[in-house]
file run37.tsv (TSV, C-alpha atoms)
chain	number	residue	atom	x	y	z
A	1	MET	CA	15.60	-254.73	56.89
A	2	LYS	CA	15.34	-258.10	55.14
A	3	LEU	CA	16.01	-258.29	51.40
A	4	CYS	CA	13.04	-258.85	49.08
A	5	TRP	CA	13.69	-260.36	45.64
A	6	LEU	CA	10.81	-260.69	43.20
A	7	ASP	CA	11.11	-263.54	40.69
A	8	ILE	CA	9.37	-262.69	37.38
A	9	ARG	CA	10.78	-265.59	35.34
A	10	ASN	CA	7.44	-267.40	35.11
A	11	VAL	CA	4.99	-264.54	35.62
A	12	ASN	CA	2.32	-264.56	32.95
A	13	GLY	CA	-0.10	-261.83	31.87
A	14	ALA	CA	0.29	-259.52	34.87
A	15	LYS	CA	4.08	-259.18	34.56
A	16	GLU	CA	4.03	-255.46	33.74
A	17	ALA	CA	1.73	-254.60	36.65
A	18	ILE	CA	3.70	-256.81	39.06
A	19	VAL	CA	6.99	-255.18	38.07
A	20	GLU	CA	5.44	-251.72	38.43
A	21	GLU	CA	4.24	-252.63	41.93
A	22	ALA	CA	7.66	-254.03	42.80
A	23	VAL	CA	9.37	-250.82	41.78
A	24	HIS	CA	6.82	-248.72	43.67
A	25	GLN	CA	7.34	-250.84	46.82
A	26	ARG	CA	11.11	-250.52	46.40
A	27	VAL	CA	11.82	-254.23	46.48
A	28	ASP	CA	15.53	-254.89	46.58
A	29	ALA	CA	15.83	-256.94	43.40
A	30	VAL	CA	13.92	-258.24	40.39
A	31	VAL	CA	15.00	-261.66	39.12
A	32	ALA	CA	14.68	-262.59	35.43
A	33	ALA	CA	15.92	-265.35	33.12
A	34	ASP	CA	16.22	-263.02	30.12
A	35	PRO	CA	18.42	-259.89	30.27
A	36	ALA	CA	15.80	-258.07	28.18
A	37	ASP	CA	13.35	-258.22	31.14
A	38	LEU	CA	15.82	-256.20	33.20
A	39	GLU	CA	16.43	-253.38	30.74
A	40	THR	CA	13.55	-251.10	31.79
A	41	LEU	CA	14.15	-251.37	35.54
A	42	PRO	CA	15.27	-248.19	37.32
A	43	PRO	CA	18.63	-248.01	39.13
A	44	THR	CA	16.84	-248.24	42.49
A	45	VAL	CA	16.26	-251.97	41.91
A	46	ARG	CA	19.02	-254.58	41.74
A	47	LYS	CA	18.84	-256.43	38.41
A	48	VAL	CA	19.40	-260.16	38.97
A	49	LEU	CA	19.83	-262.60	36.09
A	50	PHE	CA	19.08	-266.24	36.94
A	51	PRO	CA	19.19	-268.48	33.82
A	52	GLN	CA	18.19	-271.65	35.62
A	53	ASP	CA	18.29	-274.81	33.46
A	54	ARG	CA	19.54	-272.85	30.46
A	55	PRO	CA	22.93	-271.68	29.15
A	56	LEU	CA	24.49	-268.45	30.34
A	57	PRO	CA	23.72	-265.67	27.80
A	58	GLU	CA	26.65	-264.17	25.93
A	59	LYS	CA	25.50	-260.70	26.97
A	60	LEU	CA	24.93	-260.36	30.72
A	61	THR	CA	24.16	-256.66	30.90
A	62	PRO	CA	22.14	-254.92	32.21
A	63	ALA	CA	22.35	-257.44	35.08
A	64	ASP	CA	24.05	-256.28	38.29
A	65	LEU	CA	24.17	-259.82	39.66
A	66	VAL	CA	24.08	-263.21	37.97
A	67	ILE	CA	23.04	-266.32	39.90
A	68	VAL	CA	24.61	-269.44	38.40
A	69	GLU	CA	24.40	-273.20	38.69
A	70	PRO	CA	28.09	-274.14	38.96
A	71	ALA	CA	27.68	-277.55	37.33
A	72	ARG	CA	26.14	-275.88	34.26
A	73	HIS	CA	27.70	-272.41	34.15
A	74	GLY	CA	30.97	-272.62	36.07
A	75	GLU	CA	32.21	-271.38	39.42
A	76	PRO	CA	31.18	-267.84	40.45
A	77	ALA	CA	34.78	-266.83	41.26
A	78	GLU	CA	36.02	-267.81	37.79
A	79	LEU	CA	33.07	-266.12	36.08
A	80	ALA	CA	33.74	-262.96	38.06
A	81	ARG	CA	37.27	-262.86	36.67
A	82	GLN	CA	35.88	-263.17	33.15
A	83	HIS	CA	33.18	-260.51	33.73
A	84	PRO	CA	34.62	-257.97	36.21
A	85	ASP	CA	31.66	-255.61	35.85
A	86	VAL	CA	29.11	-258.13	37.13
A	87	GLU	CA	28.69	-259.84	40.50
A	88	PHE	CA	28.06	-263.58	40.61
A	89	GLY	CA	26.25	-265.74	43.12
A	90	ARG	CA	25.63	-269.46	43.54
A	91	PHE	CA	22.35	-271.38	43.38
A	92	VAL	CA	22.07	-274.52	45.52
A	93	GLU	CA	19.06	-276.83	45.69
A	94	ILE	CA	19.12	-278.68	49.00
A	95	THR	CA	17.81	-282.24	48.73
A	96	ASP	CA	20.19	-284.34	50.86
A	97	ALA	CA	23.23	-284.23	53.15
A	98	ASP	CA	25.70	-283.56	50.32
A	99	SER	CA	23.74	-280.62	48.89
A	100	LEU	CA	23.24	-279.28	52.41
A	101	GLU	CA	27.01	-279.25	52.85
A	102	ASP	CA	27.30	-277.42	49.49
A	103	ALA	CA	24.85	-274.82	50.79
A	104	CYS	CA	26.82	-274.39	54.03
A	105	ARG	CA	30.04	-273.95	52.06
A	106	ALA	CA	28.40	-271.39	49.75
A	107	ALA	CA	26.96	-269.47	52.68
A	108	ARG	CA	30.40	-269.30	54.32
A	109	HIS	CA	32.39	-268.27	51.25
A	110	ASP	CA	30.23	-266.78	48.48
A	111	ARG	CA	29.08	-263.18	48.32
A	112	TRP	CA	25.58	-264.29	47.27
A	113	SER	CA	23.91	-267.65	47.90
A	114	LEU	CA	20.45	-268.40	46.53
A	115	LEU	CA	19.09	-271.49	48.27
A	116	TYR	CA	16.09	-273.65	47.50
A	117	PHE	CA	15.07	-276.21	50.12
A	118	ARG	CA	12.97	-278.92	48.51
A	119	ASP	CA	11.54	-280.24	51.78
A	120	PRO	CA	9.26	-278.06	53.94
A	121	THR	CA	11.24	-278.53	57.17
A	122	LYS	CA	13.28	-275.51	58.23
A	123	ILE	CA	15.97	-277.52	60.02
A	124	PRO	CA	18.33	-277.48	56.99
A	125	LEU	CA	18.04	-273.69	56.86
A	126	GLU	CA	18.87	-273.55	60.57
A	127	ILE	CA	22.01	-275.57	59.87
A	128	VAL	CA	23.05	-273.27	57.01
A	129	LEU	CA	22.49	-270.14	59.08
A	130	ALA	CA	24.49	-271.59	61.97
A	131	ALA	CA	27.31	-272.61	59.60
A	132	ALA	CA	27.39	-269.11	58.08
A	133	ALA	CA	27.44	-267.20	61.38
A	134	GLY	CA	29.91	-264.35	61.05
A	135	ALA	CA	30.28	-264.74	57.27
A	136	ASP	CA	30.10	-261.64	55.06
A	137	GLY	CA	27.89	-263.05	52.31
A	138	SER	CA	24.11	-262.79	51.94
A	139	ILE	CA	21.77	-265.79	51.98
A	140	ILE	CA	18.61	-265.53	49.90
A	141	THR	CA	16.05	-268.29	50.41
A	142	GLN	CA	13.50	-269.18	47.74
A	143	VAL	CA	9.98	-269.24	49.23
A	144	ALA	CA	6.58	-270.29	47.93
A	145	ASP	CA	4.49	-267.51	49.47
A	146	VAL	CA	4.50	-264.58	51.89
A	147	GLU	CA	3.56	-266.80	54.83
A	148	GLU	CA	6.68	-268.91	54.30
A	149	ALA	CA	8.72	-265.71	53.93
A	150	GLU	CA	7.63	-264.60	57.42
A	151	ILE	CA	8.79	-267.95	58.82
A	152	VAL	CA	12.13	-267.79	57.00
A	153	PHE	CA	12.74	-264.27	58.32
A	154	GLY	CA	12.52	-265.63	61.88
A	155	VAL	CA	14.52	-268.87	61.69
A	156	LEU	CA	17.08	-268.97	64.54
A	157	GLU	CA	15.78	-265.47	65.47
A	158	HIS	CA	18.03	-263.93	62.80
A	159	GLY	CA	16.53	-265.52	59.72
A	160	SER	CA	17.74	-265.57	56.16
A	161	ASP	CA	19.15	-262.27	54.85
A	162	GLY	CA	16.38	-262.22	52.29
A	163	VAL	CA	13.89	-264.21	50.28
A	164	MET	CA	13.02	-264.70	46.62
A	165	LEU	CA	9.31	-264.96	45.83
A	166	ALA	CA	7.60	-265.63	42.51
A	167	PRO	CA	4.38	-263.60	42.79
A	168	ARG	CA	1.13	-265.03	41.48
A	169	THR	CA	-0.93	-261.85	41.64
A	170	VAL	CA	-0.58	-258.10	42.00
A	171	GLY	CA	-0.37	-257.25	45.70
A	172	GLU	CA	2.09	-259.91	46.79
A	173	ALA	CA	5.05	-257.55	46.42
A	174	THR	CA	3.36	-255.20	48.87
A	175	GLU	CA	2.66	-258.05	51.30
A	176	LEU	CA	6.23	-259.30	51.03
A	177	ARG	CA	7.63	-255.85	51.75
A	178	ALA	CA	5.39	-255.56	54.82
A	179	ALA	CA	6.59	-258.96	56.04
A	180	ALA	CA	10.20	-257.86	55.63
A	181	VAL	CA	9.68	-254.90	57.97
A	182	GLY	CA	7.39	-256.82	60.34
A	183	LYS	CA	10.05	-256.64	63.02
A	184	GLY	CA	8.51	-253.33	64.03
A	185	ALA	CA	9.84	-249.82	63.81
A	186	ASP	CA	11.48	-248.36	66.91
A	187	VAL	CA	9.25	-246.15	69.05
A	188	GLU	CA	10.10	-242.66	70.24
A	189	LEU	CA	9.51	-242.71	73.99
A	190	VAL	CA	8.95	-239.66	76.17
A	191	GLU	CA	9.01	-239.11	79.92
A	192	LEU	CA	5.53	-238.61	81.34
A	193	GLU	CA	4.82	-237.07	84.74
A	194	VAL	CA	2.07	-238.54	86.89
A	195	THR	CA	-0.56	-235.93	87.83
A	196	GLY	CA	-2.76	-238.25	89.84
A	197	ILE	CA	-4.12	-241.73	90.45
A	198	ARG	CA	-7.72	-242.55	91.34
A	199	ARG	CA	-9.87	-245.60	91.95
A	200	VAL	CA	-12.59	-245.93	89.34
A	201	GLY	CA	-14.55	-248.98	90.49
A	202	MET	CA	-14.93	-252.41	88.96
A	203	GLY	CA	-14.39	-253.38	85.36
A	204	GLU	CA	-12.76	-255.85	83.04
A	205	ARG	CA	-9.02	-255.84	82.59
A	206	ALA	CA	-6.94	-257.82	80.09
A	207	CYS	CA	-3.78	-259.81	80.69
A	208	VAL	CA	-1.94	-260.32	77.41
A	209	ASP	CA	-0.06	-263.63	77.35
A	210	THR	CA	2.38	-263.84	74.44
A	211	CYS	CA	4.40	-266.65	72.89
A	212	THR	CA	7.61	-264.82	73.83
A	213	ASN	CA	9.54	-264.18	77.03
A	214	PHE	CA	9.88	-260.45	77.61
A	215	ARG	CA	13.17	-258.91	78.63
A	216	LEU	CA	13.53	-257.16	82.00
A	217	ASP	CA	12.90	-253.65	80.64
A	218	GLU	CA	10.31	-254.64	78.05
A	219	GLY	CA	6.53	-254.49	77.88
A	220	ILE	CA	3.73	-253.18	75.71
A	221	LEU	CA	2.37	-249.68	75.24
A	222	VAL	CA	-1.20	-249.20	76.48
A	223	GLY	CA	-3.46	-246.18	76.87
A	224	SER	CA	-7.08	-245.07	77.04
A	225	HIS	CA	-6.50	-242.73	74.09
A	226	SER	CA	-4.70	-243.32	70.81
A	227	THR	CA	-2.70	-240.10	71.31
A	228	GLY	CA	-0.88	-241.23	74.46
A	229	MET	CA	0.21	-244.56	75.92
A	230	ILE	CA	2.21	-245.79	78.92
A	231	LEU	CA	4.80	-248.59	78.81
A	232	CYS	CA	3.34	-251.45	80.88
A	233	CYS	CA	5.85	-253.88	82.35
A	234	SER	CA	5.73	-257.63	81.88
A	235	GLU	CA	5.62	-260.04	84.82
A	236	THR	CA	9.32	-260.77	84.33
A	237	HIS	CA	10.38	-259.47	87.74
A	238	PRO	CA	9.93	-261.60	90.90
A	239	LEU	CA	6.80	-261.18	93.00
A	240	PRO	CA	5.89	-262.66	96.38
A	241	TYR	CA	3.04	-265.16	96.53
A	242	MET	CA	3.24	-266.09	92.83
A	243	PRO	CA	5.77	-267.25	90.22
A	244	THR	CA	7.00	-264.95	87.48
A	245	ARG	CA	5.24	-265.16	84.14
A	246	PRO	CA	7.73	-263.48	81.79
A	247	PHE	CA	5.41	-263.96	78.79
A	248	ARG	CA	2.60	-261.87	80.34
A	249	VAL	CA	1.67	-258.20	80.60
A	250	ASN	CA	-1.17	-257.24	82.93
A	251	ALA	CA	-2.00	-254.53	80.48
A	252	GLY	CA	-5.14	-252.60	81.37
A	253	ALA	CA	-8.87	-252.22	80.95
A	254	LEU	CA	-10.29	-253.98	77.92
A	255	HIS	CA	-11.15	-250.71	76.09
A	256	SER	CA	-7.49	-249.64	76.02
A	257	TYR	CA	-5.41	-249.21	72.90
A	258	THR	CA	-2.13	-251.02	72.33
A	259	LEU	CA	0.34	-250.77	69.46
A	260	SER	CA	0.51	-253.59	66.95
A	261	ALA	CA	2.59	-254.20	63.84
A	262	ASP	CA	2.75	-251.68	60.98
A	263	GLY	CA	1.85	-248.74	63.22
A	264	ARG	CA	-1.70	-249.96	63.79
A	265	THR	CA	-3.49	-249.94	67.14
A	266	ASN	CA	-5.83	-252.56	68.55
A	267	TYR	CA	-8.15	-252.56	71.51
A	268	LEU	CA	-7.01	-255.04	74.12
A	269	SER	CA	-10.44	-256.67	73.72
A	270	GLU	CA	-9.64	-257.36	70.03
A	271	LEU	CA	-6.46	-259.33	70.65
A	272	VAL	CA	-6.79	-263.07	70.00
A	273	SER	CA	-4.54	-266.12	69.89
A	274	GLY	CA	-2.23	-265.82	66.92
A	275	GLY	CA	-2.53	-262.03	66.75
A	276	ARG	CA	0.42	-259.65	66.97
A	277	VAL	CA	1.40	-256.87	69.36
A	278	LEU	CA	4.46	-254.68	69.60
A	279	ALA	CA	6.89	-255.37	72.44
A	280	VAL	CA	8.86	-252.23	73.35
A	281	ASP	CA	11.82	-251.81	75.70
A	282	SER	CA	12.88	-248.78	77.74
A	283	GLN	CA	15.05	-247.52	74.85
A	284	GLY	CA	12.17	-247.65	72.37
A	285	ARG	CA	13.47	-250.72	70.57
A	286	SER	CA	10.59	-252.85	69.40
A	287	ARG	CA	9.76	-256.28	68.03
A	288	VAL	CA	6.55	-257.94	66.93
A	289	VAL	CA	5.42	-260.77	69.22
A	290	THR	CA	2.60	-263.28	68.86
A	291	VAL	CA	-0.36	-263.35	71.23
A	292	GLY	CA	-0.95	-266.73	72.82
A	293	ARG	CA	-3.99	-265.87	74.93
A	294	VAL	CA	-5.84	-262.89	76.38
A	295	LYS	CA	-7.38	-263.24	79.86
A	296	ILE	CA	-10.21	-260.77	80.53
A	297	GLU	CA	-11.50	-260.79	84.11
A	298	THR	CA	-13.43	-258.45	86.41
A	299	ARG	CA	-11.16	-256.61	88.82
A	300	PRO	CA	-11.04	-253.29	90.75
A	301	LEU	CA	-9.53	-250.63	88.52
A	302	LEU	CA	-7.13	-247.72	88.98
A	303	ALA	CA	-6.83	-244.74	86.66
A	304	ILE	CA	-3.37	-243.22	86.09
A	305	ASP	CA	-3.29	-239.66	84.78
A	306	ALA	CA	-0.07	-238.22	83.40
A	307	VAL	CA	1.15	-235.39	81.21
A	308	ALA	CA	3.90	-235.14	78.62
A	309	PRO	CA	6.37	-232.23	78.41
A	310	SER	CA	4.38	-231.02	75.39
A	311	GLY	CA	1.23	-230.78	77.50
A	312	VAL	CA	-0.48	-233.85	76.02
A	313	LYS	CA	-2.53	-235.64	78.66
A	314	VAL	CA	-2.28	-239.41	78.94
A	315	ASN	CA	-4.55	-241.84	80.75
A	316	LEU	CA	-4.25	-245.52	81.52
A	317	ILE	CA	-6.71	-247.65	83.49
A	318	VAL	CA	-5.20	-250.77	85.04
A	319	GLN	CA	-6.04	-253.37	87.66
A	320	ASP	CA	-5.87	-251.83	91.13
A	321	ASP	CA	-3.21	-254.08	92.58
A	322	TRP	CA	0.38	-253.47	93.62
A	323	HIS	CA	1.74	-256.33	91.46
A	324	VAL	CA	0.68	-254.46	88.28
A	325	ARG	CA	3.69	-252.50	87.08
A	326	VAL	CA	4.75	-249.84	84.59
A	327	LEU	CA	8.21	-248.76	83.48
A	328	GLY	CA	9.98	-245.52	84.27
A	329	PRO	CA	13.14	-243.91	82.84
A	330	GLY	CA	16.05	-246.32	82.56
A	331	GLY	CA	13.71	-249.29	82.85
A	332	THR	CA	12.79	-248.59	86.48
A	333	VAL	CA	9.99	-250.92	87.58
A	334	LEU	CA	7.12	-249.09	89.31
A	335	ASN	CA	4.15	-250.64	91.14
A	336	VAL	CA	1.03	-248.78	90.01
A	337	THR	CA	-0.46	-248.50	93.52
A	338	GLU	CA	2.67	-246.68	94.72
A	339	LEU	CA	2.66	-244.00	92.03
A	340	THR	CA	2.43	-240.43	93.28
A	341	GLU	CA	2.18	-237.01	91.68
A	342	GLY	CA	5.48	-236.21	90.00
A	343	THR	CA	6.51	-239.83	89.37
A	344	LYS	CA	8.12	-240.17	85.94
A	345	LEU	CA	6.88	-242.85	83.53
A	346	LEU	CA	7.83	-243.91	80.03
A	347	GLY	CA	5.27	-243.58	77.26
A	348	CYS	CA	4.74	-242.56	73.68
A	349	LEU	CA	2.60	-239.98	71.91
A	350	PRO	CA	1.36	-241.21	68.51
A	351	VAL	CA	0.59	-238.11	66.46
A	352	GLU	CA	-2.20	-239.47	64.24
A	353	GLN	CA	-5.82	-240.09	65.12
A	354	ARG	CA	-7.13	-243.60	64.45
A	355	HIS	CA	-9.87	-245.11	62.33
A	356	VAL	CA	-10.37	-248.87	62.87
A	357	GLY	CA	-6.83	-248.89	64.24
A	358	TYR	CA	-5.13	-247.28	61.27
A	359	PRO	CA	-3.45	-243.85	61.55
A	360	ILE	CA	-5.40	-241.10	59.80
A	361	ASN	CA	-5.06	-237.33	59.68
A	362	GLU	CA	-8.53	-236.12	60.64
A	363	PHE	CA	-10.30	-234.11	63.33
A	364	CYS	CA	-10.95	-236.18	66.42
A	365	ILE	CA	-11.21	-235.48	70.15
A	366	GLU	CA	-10.71	-238.21	72.77
A	367	LYS	CA	-11.43	-237.51	76.43
call {"tool": "encode", "arguments": {"input": "run37.tsv", "output": "structure tokens"}}
result
Amino acid sequence: MKLCWLDIRNVNGAKEAIVEEAVHQRVDAVVAADPADLETLPPTVRKVLFPQDRPLPEKLTPADLVIVEPARHGEPAELARQHPDVEFGRFVEITDADSLEDACRAARHDRWSLLYFRDPTKIPLEIVLAAAAGADGSIITQVADVEEAEIVFGVLEHGSDGVMLAPRTVGEATELRAAAVGKGADVELVELEVTGIRRVGMGERACVDTCTNFRLDEGILVGSHSTGMILCCSETHPLPYMPTRPFRVNAGALHSYTLSADGRTNYLSELVSGGRVLAVDSQGRSRVVTVGRVKIETRPLLAIDAVAPSGVKVNLIVQDDWHVRVLGPGGTVLNVTELTEGTKLLGCLPVEQRHVGYPINEFCIEK
């Protein structure tokens, strides 16, 4: 989970509502310039004092952490000796090679580093993250908006430990929190048993091409019903007659559901360039990947029927061709045309019904 800091130093009329939303969303920290703005915060939120461009107050409490500008306030280590009940961190504004080196040094040695990169390029952040690899401290990057936060979270695949955002309106704390967990929650997979396969004629199937190379035991979850899906394998494994396309999943008929970020489902027909789907491996570990293209073409189709140990029936309609594959226990790769009754597959059983893709607890029958 990435850290979310909300900066209220320059929030105007909506400050009270923004702080209330931040507390409700359980952001990790609220940042203020005045200790008085931290007094009413509950203990569930870290209280961060950041007196940028002003002297350090005589009274630091109730702050848990004070971010300082060393040239103005002094070194964090020395301040920590003077105030043993408060943590201290360092602010660095990166504008050139010298300040970049200061940021790298802070990231390697300080417990907390708050970094502001003046230029929009993310290469300096990449350098800091590489320099701090293996260090124990936390790097918080100041961002302008939620979109930039999403980018910062993914720099060098690991991203900054957290971001600090100054919200402009109510709702941005919620969006920031969602971006911080956008990696995707792990999925509970179950073993499904094939009860039959049958040819169902012609129809349109969708290949989902992503902007990511899938791992060998990774794919996307697809099913005809929102209550049961099968783990479809990517084209990562060698095939005769054609090169591997490790970014692609030949997923299924265009009506099928697939899991996206935040627990939502989408029809395969809804996916577009720049959209998101959930990549899942044979252990249920997941990550959000970006859709590059969806190819929908008419092909002969094959229906796979399976059942879960709980008795829930699962159906998936795929292209009727032996190079289309699904995953079995342990990441076993299975050609769909060679499935037989009793073959074990990996899948998941979402418990909620769906309304426009969102989980909802209501009466609904799919068949």
call {"tool": "residues_around", "arguments": {"input": "run37.tsv", "residues": "Val31 (chain A)", "least_positions_apart": "6", "cutoff": "9 Å", "atoms": "only C-alpha atoms", "output": "PyMOL selection string"}}
result
chain A and resi 5-9+37-38+46-50+164
call {"tool": "write_last_selection", "arguments": {"input": "run37.tsv", "atoms": "C-alpha atoms", "output": "compact mmCIF listing (two decimals), in the frame of the given file"}}
result
# COMPACT_ATOMS: atom_id res chain seq x y z
CA TRP A 5 13.69 -260.36 45.64
CA LEU A 6 10.81 -260.69 43.20
CA ASP A 7 11.11 -263.54 40.69
CA ILE A 8 9.37 -262.69 37.38
CA ARG A 9 10.78 -265.59 35.34
CA ASP A 37 13.35 -258.22 31.14
CA LEU A 38 15.82 -256.20 33.20
CA ARG A 46 19.02 -254.58 41.74
CA LYS A 47 18.84 -256.43 38.41
CA VAL A 48 19.40 -260.16 38.97
CA LEU A 49 19.83 -262.60 36.09
CA PHE A 50 19.08 -266.24 36.94
CA MET A 164 13.02 -264.70 46.62
call {"tool": "closest_residue", "arguments": {"input": "run37.tsv", "among": "A:Thr340, A:Gln25, A:Thr258, A:Asn315", "to": "Glu175 (chain A)", "atoms": "only C-alpha atoms"}}
result
A:Gln25
call {"tool": "closest_residue", "arguments": {"input": "run37.tsv", "among": "A:Gly347, A:Gly219, A:Gly203, A:Gly74", "to": "Pro309 (chain A)", "atoms": "only C-alpha atoms"}}
result
A:Gly347
call {"tool": "residues_around", "arguments": {"input": "run37.tsv", "residues": "region 322-332 of chain A", "least_positions_apart": "5", "cutoff": "6 Å", "atoms": "all atoms listed in the file", "output": "PyMOL selection string"}}
result
chain A and resi 217+231-233+282+337+344-346
call {"tool": "closest_residue", "arguments": {"input": "run37.tsv", "among": "A:Leu339, A:Leu268, A:Val289, A:Ala97", "to": "Cys207 (chain A)", "atoms": "all atoms listed in the file"}}
result
A:Leu268
call {"tool": "residues_near_point", "arguments": {"input": "run37.tsv", "point": "(7.8, -258.6, 86.2)", "cutoff": "10 Å", "atoms": "all atoms listed in the file", "output": "list in words"}}
result
Phe214, Arg215, Leu216, Asp217, Glu218, Gly219, Cys232, Cys233, Ser234, Glu235, Thr236, His237, Pro238, Leu239, Pro243, Thr244, Arg245, Pro246, Phe247, Arg248, Val249, Asn250, His323, Val324, Arg325, Val326 and Val333 of chain A
call {"tool": "decode", "arguments": {"input": "run37.tsv", "residues": "region 269-313 of chain A", "atoms": "C-alpha atoms", "output": "PDB file, in the first residue's frame"}}
result
ATOM      1  CA  SER A 269     -16.510  -5.566 -25.720  1.00  0.00           C
ATOM      2  CA  GLU A 270     -16.153  -2.500 -23.450  1.00  0.00           C
ATOM      3  CA  LEU A 271     -12.369  -2.610 -23.188  1.00  0.00           C
ATOM      4  CA  VAL A 272     -10.585   0.137 -25.116  1.00  0.00           C
ATOM      5  CA  SER A 273      -7.048   1.445 -25.545  1.00  0.00           C
ATOM      6  CA  GLY A 274      -5.929   3.012 -22.296  1.00  0.00           C
ATOM      7  CA  GLY A 275      -8.392   1.018 -20.200  1.00  0.00           C
ATOM      8  CA  ARG A 276      -7.388  -1.255 -17.328  1.00  0.00           C
ATOM      9  CA  VAL A 277      -7.779  -4.967 -16.637  1.00  0.00           C
ATOM     10  CA  LEU A 278      -6.576  -7.176 -13.829  1.00  0.00           C
ATOM     11  CA  ALA A 279      -3.727  -9.578 -14.583  1.00  0.00           C
ATOM     12  CA  VAL A 280      -3.812 -12.581 -12.238  1.00  0.00           C
ATOM     13  CA  ASP A 281      -1.279 -15.383 -11.773  1.00  0.00           C
ATOM     14  CA  SER A 282      -1.819 -18.981 -10.675  1.00  0.00           C
ATOM     15  CA  GLN A 283      -1.347 -17.997  -7.008  1.00  0.00           C
ATOM     16  CA  GLY A 284      -4.017 -15.297  -7.186  1.00  0.00           C
ATOM     17  CA  ARG A 285      -1.528 -12.429  -7.138  1.00  0.00           C
ATOM     18  CA  SER A 286      -2.802  -9.579  -9.251  1.00  0.00           C
ATOM     19  CA  ARG A 287      -1.720  -6.326 -10.847  1.00  0.00           C
ATOM     20  CA  VAL A 288      -3.515  -3.722 -12.918  1.00  0.00           C
ATOM     21  CA  VAL A 289      -2.359  -3.580 -16.551  1.00  0.00           C
ATOM     22  CA  THR A 290      -3.209  -1.151 -19.339  1.00  0.00           C
ATOM     23  CA  VAL A 291      -5.093  -2.225 -22.447  1.00  0.00           C
ATOM     24  CA  GLY A 292      -3.311  -1.358 -25.667  1.00  0.00           C
ATOM     25  CA  ARG A 293      -5.844  -2.750 -28.137  1.00  0.00           C
ATOM     26  CA  VAL A 294      -8.774  -5.153 -28.333  1.00  0.00           C
ATOM     27  CA  LYS A 295      -9.163  -7.275 -31.491  1.00  0.00           C
ATOM     28  CA  ILE A 296     -12.713  -8.532 -32.052  1.00  0.00           C
ATOM     29  CA  GLU A 297     -13.079 -10.983 -34.939  1.00  0.00           C
ATOM     30  CA  THR A 298     -15.549 -13.656 -36.052  1.00  0.00           C
ATOM     31  CA  ARG A 299     -14.376 -17.152 -35.191  1.00  0.00           C
ATOM     32  CA  PRO A 300     -15.854 -20.608 -34.392  1.00  0.00           C
ATOM     33  CA  LEU A 301     -16.600 -20.786 -30.684  1.00  0.00           C
ATOM     34  CA  LEU A 302     -16.293 -23.424 -27.962  1.00  0.00           C
ATOM     35  CA  ALA A 303     -18.201 -23.423 -24.685  1.00  0.00           C
ATOM     36  CA  ILE A 304     -16.439 -24.705 -21.555  1.00  0.00           C
ATOM     37  CA  ASP A 305     -18.674 -25.784 -18.682  1.00  0.00           C
ATOM     38  CA  ALA A 306     -17.197 -26.330 -15.239  1.00  0.00           C
ATOM     39  CA  VAL A 307     -18.267 -26.569 -11.624  1.00  0.00           C
ATOM     40  CA  ALA A 308     -16.703 -25.379  -8.385  1.00  0.00           C
ATOM     41  CA  PRO A 309     -16.458 -27.513  -5.224  1.00  0.00           C
ATOM     42  CA  SER A 310     -19.285 -25.378  -3.813  1.00  0.00           C
ATOM     43  CA  GLY A 311     -21.547 -26.387  -6.694  1.00  0.00           C
ATOM     44  CA  VAL A 312     -21.402 -23.035  -8.513  1.00  0.00           C
ATOM     45  CA  LYS A 313     -21.509 -23.551 -12.265  1.00  0.00           C
TER      46      LYS A 313
END
